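For reference, work.cif is printed below; it contains mmCIF, C-alpha atoms and all ligand atoms.
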data_work
loop_
_atom_site.label_atom_id
_atom_site.label_comp_id
_atom_site.auth_asym_id
_atom_site.auth_seq_id
_atom_site.Cartn_x
_atom_site.Cartn_y
_atom_site.Cartn_z
CA MET A 176 0.00 0.00 0.00
CA THR A 177 1.21 3.47 -0.74
CA THR A 178 0.62 6.65 1.16
CA LEU A 179 0.81 9.71 -0.98
CA ARG A 180 2.62 12.58 0.71
CA ILE A 181 1.89 16.07 -0.53
CA PHE A 182 4.34 18.80 0.44
CA CYS A 183 4.45 22.48 -0.35
CA VAL A 184 7.80 24.14 -0.73
CA ALA A 185 6.92 27.61 0.48
CA ASN A 186 8.38 30.87 1.66
CA GLN A 187 6.75 34.18 0.83
CA LYS A 188 10.13 35.66 -0.04
CA GLY A 189 11.45 35.35 -3.58
CA GLY A 190 14.89 34.04 -4.44
CA VAL A 191 15.28 31.96 -1.28
CA GLY A 192 15.67 28.60 -2.99
CA LYS A 193 12.12 27.22 -3.25
CA THR A 194 12.36 26.13 -6.85
CA THR A 195 15.88 24.77 -6.45
CA THR A 196 14.68 22.74 -3.48
CA THR A 197 11.59 21.48 -5.31
CA VAL A 198 13.32 20.19 -8.44
CA ASN A 199 16.34 18.77 -6.64
CA LEU A 200 14.29 17.05 -3.97
CA ALA A 201 12.06 15.66 -6.73
CA ALA A 202 15.04 14.30 -8.66
CA GLY A 203 16.70 13.05 -5.47
CA LEU A 204 13.57 11.20 -4.40
CA ALA A 205 13.19 9.76 -7.89
CA GLN A 206 16.77 8.45 -7.70
CA ILE A 207 15.91 6.51 -4.57
CA GLY A 208 12.92 4.91 -6.21
CA GLN A 209 10.08 7.24 -5.28
CA ARG A 210 7.36 8.18 -7.74
CA VAL A 211 7.20 11.97 -7.74
CA LEU A 212 4.92 14.61 -9.22
CA VAL A 213 5.95 18.27 -9.19
CA ILE A 214 3.26 20.94 -9.33
CA ASP A 215 4.56 24.31 -10.49
CA LEU A 216 2.31 26.84 -8.75
CA ASP A 217 4.41 29.85 -9.70
CA PRO A 218 3.46 31.80 -12.87
CA GLN A 219 7.20 32.38 -13.38
CA GLY A 220 7.38 28.73 -14.41
CA ASN A 221 10.90 28.20 -13.09
CA ALA A 222 10.27 24.68 -11.82
CA THR A 223 8.85 23.85 -15.24
CA MET A 224 11.89 25.17 -17.12
CA GLY A 225 14.29 23.75 -14.53
CA SER A 226 12.76 20.34 -15.14
CA GLY A 227 13.48 20.60 -18.86
CA ILE A 228 9.97 21.51 -19.99
CA ASP A 229 9.42 24.60 -22.13
CA LYS A 230 6.87 26.79 -20.36
CA ARG A 231 6.08 28.61 -23.64
CA ALA A 232 5.02 25.37 -25.28
CA LEU A 233 2.83 23.87 -22.57
CA GLY A 234 -0.35 22.18 -23.68
CA ARG A 235 -2.36 21.94 -20.52
CA SER A 236 -0.99 23.39 -17.33
CA VAL A 237 -1.70 24.05 -13.67
CA TYR A 238 -3.99 26.82 -14.86
CA ASP A 239 -6.27 24.24 -16.50
CA LEU A 240 -6.14 22.09 -13.40
CA LEU A 241 -7.33 24.94 -11.18
CA LEU A 242 -10.01 26.02 -13.66
CA GLU A 243 -11.05 22.39 -14.03
CA SER A 244 -10.51 22.40 -17.77
CA ALA A 245 -7.99 19.53 -17.66
CA SER A 246 -7.25 16.51 -15.51
CA ILE A 247 -3.84 15.66 -14.08
CA ALA A 248 -3.47 12.89 -16.64
CA GLU A 249 -4.02 15.45 -19.41
CA ALA A 250 -1.75 18.12 -17.95
CA ARG A 251 1.30 16.19 -16.77
CA GLN A 252 4.54 15.73 -18.64
CA SER A 253 7.61 13.84 -17.64
CA SER A 254 10.82 15.70 -16.92
CA PRO A 255 13.19 14.37 -19.61
CA LYS A 256 16.16 14.04 -17.24
CA GLY A 257 14.61 14.40 -13.80
CA GLY A 258 12.83 11.07 -13.49
CA TYR A 259 9.61 12.65 -12.23
CA ASP A 260 6.41 14.12 -13.64
CA VAL A 261 5.54 17.81 -13.80
CA ILE A 262 2.41 19.86 -14.14
CA GLY A 263 3.83 22.98 -15.67
CA ALA A 264 3.03 26.65 -15.28
CA ASN A 265 3.54 29.86 -17.19
CA ARG A 266 2.28 33.44 -17.09
CA GLU A 267 -1.25 32.29 -17.84
CA LEU A 268 -1.41 31.05 -14.24
CA ALA A 269 -1.33 34.62 -12.94
CA GLY A 270 -4.81 35.05 -14.42
CA ALA A 271 -6.20 32.07 -12.52
CA GLU A 272 -6.28 34.07 -9.32
CA VAL A 273 -8.70 36.59 -10.80
CA GLU A 274 -10.79 34.02 -12.62
CA LEU A 275 -11.25 31.98 -9.47
CA VAL A 276 -12.39 34.90 -7.34
CA ASN A 277 -16.09 34.27 -7.68
CA GLN A 278 -15.91 30.50 -7.89
CA GLU A 279 -16.92 28.13 -5.17
CA ARG A 280 -14.35 26.21 -3.18
CA ARG A 281 -11.69 28.09 -5.05
CA GLU A 282 -9.03 27.29 -2.47
CA ARG A 283 -9.69 23.53 -2.81
CA ARG A 284 -9.12 23.06 -6.53
CA LEU A 285 -5.65 21.57 -6.28
CA LYS A 286 -6.66 19.22 -3.47
CA LYS A 287 -9.57 17.97 -5.52
CA ALA A 288 -7.40 17.45 -8.60
CA LEU A 289 -4.74 15.53 -6.67
CA ALA A 290 -7.32 13.03 -5.46
CA GLN A 291 -7.29 11.72 -9.06
CA VAL A 292 -3.74 10.40 -8.69
CA ARG A 293 -3.68 9.26 -5.08
CA ASP A 294 -2.29 5.85 -5.97
CA GLU A 295 0.10 6.87 -8.72
CA TYR A 296 2.74 8.73 -6.75
CA ASP A 297 4.62 8.54 -3.47
CA PHE A 298 5.33 12.27 -3.28
CA VAL A 299 3.78 15.41 -4.69
CA LEU A 300 5.95 18.52 -4.34
CA VAL A 301 4.28 21.87 -4.86
CA ASP A 302 6.57 24.76 -5.79
CA CYS A 303 4.80 27.83 -4.40
CA PRO A 304 5.03 31.43 -5.63
CA PRO A 305 6.68 34.06 -3.42
CA SER A 306 3.45 35.27 -1.85
CA LEU A 307 0.68 34.08 0.43
CA SER A 308 -1.83 34.27 -2.42
CA LEU A 309 -4.78 32.14 -3.51
CA LEU A 310 -2.30 30.03 -5.47
CA THR A 311 -0.23 29.32 -2.37
CA LEU A 312 -3.44 28.73 -0.43
CA ASN A 313 -4.42 26.03 -2.93
CA GLY A 314 -1.08 24.39 -2.19
CA LEU A 315 -1.48 24.64 1.58
CA VAL A 316 -5.02 23.27 1.50
CA ALA A 317 -3.91 20.29 -0.58
CA ALA A 318 -0.78 19.48 1.43
CA HIS A 319 0.15 17.38 4.42
CA GLY A 320 3.13 19.50 5.15
CA VAL A 321 5.29 22.48 4.35
CA ILE A 322 9.00 22.51 3.66
CA VAL A 323 10.48 25.96 4.14
CA PRO A 324 13.81 26.70 2.48
CA MET A 325 15.57 29.66 4.01
CA GLN A 326 18.77 31.55 3.92
CA CYS A 327 20.34 32.21 7.30
CA GLU A 328 20.22 35.97 7.07
CA TYR A 329 19.37 38.70 9.46
CA PHE A 330 15.67 39.14 8.61
CA ALA A 331 15.00 35.47 7.94
CA LEU A 332 13.43 34.77 11.33
CA GLU A 333 11.16 37.77 11.09
CA GLY A 334 9.78 36.70 7.70
CA LEU A 335 9.25 33.22 9.04
CA SER A 336 6.64 34.26 11.59
CA ASP A 337 4.19 35.35 8.86
CA LEU A 338 4.51 31.98 7.19
CA VAL A 339 4.19 30.07 10.45
CA ASN A 340 1.04 32.06 11.29
CA THR A 341 -0.42 31.34 7.87
CA ILE A 342 0.27 27.63 8.34
CA LYS A 343 -1.47 27.78 11.74
CA GLN A 344 -4.49 29.53 10.28
CA VAL A 345 -4.81 27.11 7.39
CA HIS A 346 -4.42 24.24 9.84
CA ALA A 347 -7.18 25.66 12.07
CA ASN A 348 -9.65 26.64 9.36
CA LEU A 349 -9.09 24.77 6.14
CA ASN A 350 -6.77 21.81 6.45
CA PRO A 351 -6.29 20.01 9.78
CA ASP A 352 -3.68 17.73 8.15
CA LEU A 353 -1.25 20.57 7.50
CA GLN A 354 2.02 20.56 9.42
CA LEU A 355 5.29 22.41 9.28
CA ILE A 356 7.58 19.57 8.24
CA GLY A 357 10.79 21.46 8.50
CA LEU A 358 13.07 24.36 7.79
CA LEU A 359 15.82 23.74 5.28
CA ARG A 360 18.92 25.89 5.48
CA VAL A 361 19.98 26.67 1.92
CA MET A 362 22.75 28.64 0.20
CA PHE A 363 24.64 28.18 3.42
CA ASP A 364 28.18 29.47 3.80
CA PRO A 365 29.70 28.37 7.13
CA ARG A 366 32.49 30.94 6.81
CA ILE A 367 29.98 33.70 7.37
CA THR A 368 29.63 34.18 11.11
CA LEU A 369 26.18 35.73 10.81
CA GLN A 370 24.88 32.65 9.01
CA GLN A 371 26.19 30.43 11.82
CA GLN A 372 24.50 32.67 14.38
CA VAL A 373 21.16 32.68 12.58
CA SER A 374 21.42 28.92 12.12
CA ASP A 375 21.96 28.52 15.88
CA GLN A 376 18.97 30.77 16.59
CA LEU A 377 16.85 28.71 14.24
CA LYS A 378 17.75 25.52 16.04
CA ALA A 379 17.14 27.11 19.43
CA HIS A 380 13.73 28.30 18.34
CA PHE A 381 12.49 25.50 16.10
CA GLY A 382 14.41 22.50 17.48
CA ASP A 383 13.96 19.35 15.44
CA LYS A 384 11.85 21.23 12.89
CA VAL A 385 15.20 22.26 11.42
CA PHE A 386 16.37 19.62 8.96
CA ASP A 387 19.79 18.14 9.73
CA THR A 388 20.86 18.48 6.11
CA VAL A 389 22.29 21.85 5.14
CA ILE A 390 22.42 22.87 1.48
CA PRO A 391 25.65 24.78 0.75
CA ARG A 392 25.95 27.65 -1.65
CA ASN A 393 27.13 25.89 -4.78
CA VAL A 394 27.37 27.38 -8.25
CA ARG A 395 26.55 24.08 -9.99
CA LEU A 396 23.05 24.21 -8.50
CA ALA A 397 22.61 27.68 -9.99
CA GLU A 398 23.93 26.62 -13.40
CA ALA A 399 21.73 23.53 -13.76
CA PRO A 400 18.40 25.26 -14.62
CA SER A 401 19.81 26.76 -17.80
CA TYR A 402 20.41 23.18 -18.96
CA GLY A 403 16.85 22.21 -18.06
CA GLN A 404 18.07 19.85 -15.37
CA PRO A 405 17.97 19.63 -11.59
CA GLY A 406 21.44 20.00 -10.08
CA VAL A 407 21.44 16.44 -8.78
CA VAL A 408 21.22 15.20 -12.39
CA PHE A 409 23.35 17.90 -14.01
CA ASP A 410 26.39 17.35 -11.78
CA PRO A 411 25.76 14.57 -9.27
CA ALA A 412 29.23 14.88 -7.76
CA ALA A 413 28.91 18.56 -6.88
CA ARG A 414 28.58 19.44 -3.20
CA GLY A 415 25.15 20.97 -3.69
CA ALA A 416 23.88 17.88 -5.51
CA GLN A 417 25.25 15.60 -2.80
CA ALA A 418 23.49 17.66 -0.16
CA PHE A 419 20.16 17.35 -1.96
CA ILE A 420 20.60 13.57 -2.25
CA GLU A 421 21.22 13.50 1.48
CA PHE A 422 18.18 15.70 2.03
CA SER A 423 16.03 13.32 -0.03
CA ARG A 424 17.08 10.47 2.26
CA GLU A 425 16.39 12.58 5.32
CA MET A 426 12.90 13.36 4.02
CA VAL A 427 12.07 9.72 3.45
CA ALA A 428 13.42 8.84 6.89
CA ARG A 429 11.49 11.68 8.49
CA VAL A 430 8.10 11.25 6.90
CA GLY A 431 8.25 7.55 6.17
CA ARG A 432 6.93 6.25 2.96
P1 LIG B 1 12.88 30.88 -5.33
O1 LIG B 1 12.19 29.76 -6.04
O2 LIG B 1 12.62 30.89 -3.85
O3 LIG B 1 12.61 32.21 -5.95
P2 LIG B 1 15.31 29.83 -6.51
O4 LIG B 1 15.34 28.38 -6.17
O5 LIG B 1 14.86 30.20 -7.89
O6 LIG B 1 14.46 30.62 -5.44
O7 LIG B 1 16.76 30.39 -6.21
C1 LIG B 1 17.09 31.75 -6.43
C2 LIG B 1 18.45 31.83 -7.14
O8 LIG B 1 19.46 31.29 -6.31
C3 LIG B 1 18.49 31.05 -8.43
O9 LIG B 1 19.26 31.73 -9.35
C4 LIG B 1 19.15 29.72 -8.02
O10 LIG B 1 19.82 29.10 -9.08
C5 LIG B 1 20.11 30.21 -6.95
N1 LIG B 1 20.37 29.17 -5.93
C6 LIG B 1 19.44 28.48 -5.23
N2 LIG B 1 20.01 27.64 -4.35
C7 LIG B 1 21.36 27.80 -4.51
C8 LIG B 1 22.51 27.23 -3.86
N3 LIG B 1 22.40 26.32 -2.89
N4 LIG B 1 23.73 27.64 -4.27
C9 LIG B 1 23.85 28.58 -5.24
N5 LIG B 1 22.82 29.16 -5.86
C10 LIG B 1 21.58 28.78 -5.51
MG MG B 2 10.73 29.86 -7.55
#
Any chance you could put this one into C-alpha cells?
Amino acid sequence: MTTLRIFCVANQKGGVGKTTTTVNLAAGLAQIGQRVLVIDLDPQGNATMGSGIDKRALGRSVYDLLLESASIAEARQSSPKGGYDVIGANRELAGAEVELVNQERRERRLKKALAQVRDEYDFVLVDCPPSLSLLTLNGLVAAHGVIVPMQCEYFALEGLSDLVNTIKQVHANLNPDLQLIGLLRVMFDPRITLQQQVSDQLKAHFGDKVFDTVIPRNVRLAEAPSYGQPGVVFDPAARGAQAFIEFSREMVARVGR
C-alpha cells in the first residue's frame, strides 16, 4: 500500500531557494525509487523550465487544473532528465487568481485534482510562488506539510513568523492535516559568522523542525536550470547535488513512505 505525501515548498520571499529545493528534492527522491509529481504553482514557471519543460510550449498546465478544464493525466509531462512528472506553469497562471475569485471552493481546486492520482505517486511537491496568495493557499489546502527553504540571514526569522502564522491559520480553518515539516537551510556558507548565528537561533527556536541536512551555496546548483536539469542530475558529484541527495534520504526517513 502506498501513502501519498503532498508537500508544499513555500516561503513568501522570492529568491530563497524554493524552486531549487523542489526540483532537486524531486530528482533526489526519484533516484531513490520514489514516484514523484511536481506541481509548479508559480506563474514564473521556473520549476517547469528547470525540469526541462518549455513553459512557452505547454499544452495543458496548472492553470487548466485549477479552472477544471484539464485533468492531471491530461496536464502532466515527464521531466526528460529528472525522473519525475511535472504539471507545468507559465504566465497564464497569474490570471487564474482573478478568474477563481467568484468561484466556489476556489481554495480547494488543487486538493480535488490531486485526489485523481492518489495511488500513482509517493510524493507530490508543490513549488509555491513568493506570496501568500490564492495560489499558495491552494497548495497549503492540498498538502500534508510544508517545507520551508531559508537563507540564514538577518531578517530570515522575522519573515518566518508570517509563514508560520499562515500555516497555523490554514491548519485551524481549512486543512487540519497541515504541518510544518521542516526548515531547510539553503545557500549556506559556514564561513559567514552571521549565518552560523542565525542557524543557531533557528535551532534554538524550532528544534527538530530544522532539517539536519544543510544545502551549501554551490554554483553548480545555480547553473543547472539553464540546462533544463535539476542540479542532482546535471552534476551529481557537486557538493550541492550531494546535499540534496542526502536531504532526499532525510525526508524519506522523516516522513516515512
Ligand atoms: P525561489 O524559487 O525561492 O525564488 P530559486 O530556487 O529560484 O528561489 O533560487 C534563487 C536563485 O538562487 C536562483 O538563481 C538559483 O539558481 C540560486 N540558488 C538556489 N540555491 C542555490 C545554492 N544552494 N547555491 C547557489 N545558488 C543557488
Ligand atoms: Mg521559484
message = Please identify all protein, DNA and RNA residues within 10 Å of ligand MG 2 (chain B), counting only C-alpha atoms and all ligand atoms, and report them as a ChimeraX atom specification.
response = /A:184-186,188-197,215-223,225,302-305
ask   = Hey, which of A:Leu240, A:Val198, A:Val427, A:Val292 ends up closest to ligand LIG 1 (chain B)? Count all atoms listed in the file.
value =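 With all atoms listed in the file as the atom set, the closest residue is A:Val198.
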Give, as lines of an AutoDock Vina configuration file, the centre coordinates and the x, y and z edge lengths in Å to one decimal for an axis-aligned box around all listed atoms of segment 281-296 of chain A, padded by 6 Å on each side.
center_x = -4.5
center_y = 17.0
center_z = -5.8
size_x = 26.4
size_y = 34.2
size_z = 18.6
query = In Å, how far is it from atom CA of Gln417 of chain A to atom CA of Gly334 of chain A?
reply =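 Going from atom CA of Gln417 of chain A over to atom CA of Gly334 of chain A covers 28.2 Å.
If you look at atom O10 of ligand LIG 1 (chain B) and atom CA of Leu396 of chain A, they are 5.9 Å away from each other.
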task = Work out how far apart atom C5 of ligand LIG 1 (chain B) and atom CA of Thr341 of chain A are and give it in Å to one decimal.
result =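 These two atoms are separated by 25.3 Å.
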task = Pick out the closest residue to Glu279 of chain A from this set: A:Val321, A:Ala201, A:Leu307, A:Leu241. Count all atoms listed in the file.
result =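 Closest to Glu279 of chain A, using all atoms listed in the file: A:Leu241.
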key: Nearby residues (all atoms listed in the file) at most 12 Å from Gly258 of chain A, same-chain spacing under 5 positions excluded, as a list in words   = Val198, Asn199, Leu200, Ala201, Ala202, Gly203, Leu204, Ala205, Gln206, Ile207, Gly208, Gln209, Arg210, Val211, Leu212, Val213, Ser226, Gly227, Gln252, Ser253, Gln404, Pro405, Val407 and Val408 of chain A
Selection export as a PDB file, in the coordinates of the input, atoms kept: C-alpha atoms:
ATOM      1  CA  VAL A 198      13.320  20.190  -8.440  1.00  0.00           C
ATOM      2  CA  ASN A 199      16.340  18.770  -6.640  1.00  0.00           C
ATOM      3  CA  LEU A 200      14.290  17.050  -3.970  1.00  0.00           C
ATOM      4  CA  ALA A 201      12.060  15.660  -6.730  1.00  0.00           C
ATOM      5  CA  ALA A 202      15.040  14.300  -8.660  1.00  0.00           C
ATOM      6  CA  GLY A 203      16.700  13.050  -5.470  1.00  0.00           C
ATOM      7  CA  LEU A 204      13.570  11.200  -4.400  1.00  0.00           C
ATOM      8  CA  ALA A 205      13.190   9.760  -7.890  1.00  0.00           C
ATOM      9  CA  GLN A 206      16.770   8.450  -7.700  1.00  0.00           C
ATOM     10  CA  ILE A 207      15.910   6.510  -4.570  1.00  0.00           C
ATOM     11  CA  GLY A 208      12.920   4.910  -6.210  1.00  0.00           C
ATOM     12  CA  GLN A 209      10.080   7.240  -5.280  1.00  0.00           C
ATOM     13  CA  ARG A 210       7.360   8.180  -7.740  1.00  0.00           C
ATOM     14  CA  VAL A 211       7.200  11.970  -7.740  1.00  0.00           C
ATOM     15  CA  LEU A 212       4.920  14.610  -9.220  1.00  0.00           C
ATOM     16  CA  VAL A 213       5.950  18.270  -9.190  1.00  0.00           C
ATOM     17  CA  SER A 226      12.760  20.340 -15.140  1.00  0.00           C
ATOM     18  CA  GLY A 227      13.480  20.600 -18.860  1.00  0.00           C
ATOM     19  CA  GLN A 252       4.540  15.730 -18.640  1.00  0.00           C
ATOM     20  CA  SER A 253       7.610  13.840 -17.640  1.00  0.00           C
ATOM     21  CA  GLN A 404      18.070  19.850 -15.370  1.00  0.00           C
ATOM     22  CA  PRO A 405      17.970  19.630 -11.590  1.00  0.00           C
ATOM     23  CA  VAL A 407      21.440  16.440  -8.780  1.00  0.00           C
ATOM     24  CA  VAL A 408      21.220  15.200 -12.390  1.00  0.00           C
TER      25      VAL A 408
END
message = From the options A:Asp294, A:Thr311, A:Ala250, A:Val389, which residue's atoms come nearest to Ala269 of chain A, counting all atoms listed in the file?
response =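 Selected residue with least distance to Ala269 of chain A: A:Thr311.
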key: Contact residues around Met426 of chain A with all atoms listed in the file at 10 Å, ignoring same-chain residues under 3 positions, as number ranges by chain   = A: 200, 204, 322, 356-357, 386, 388, 420-423, 429-432
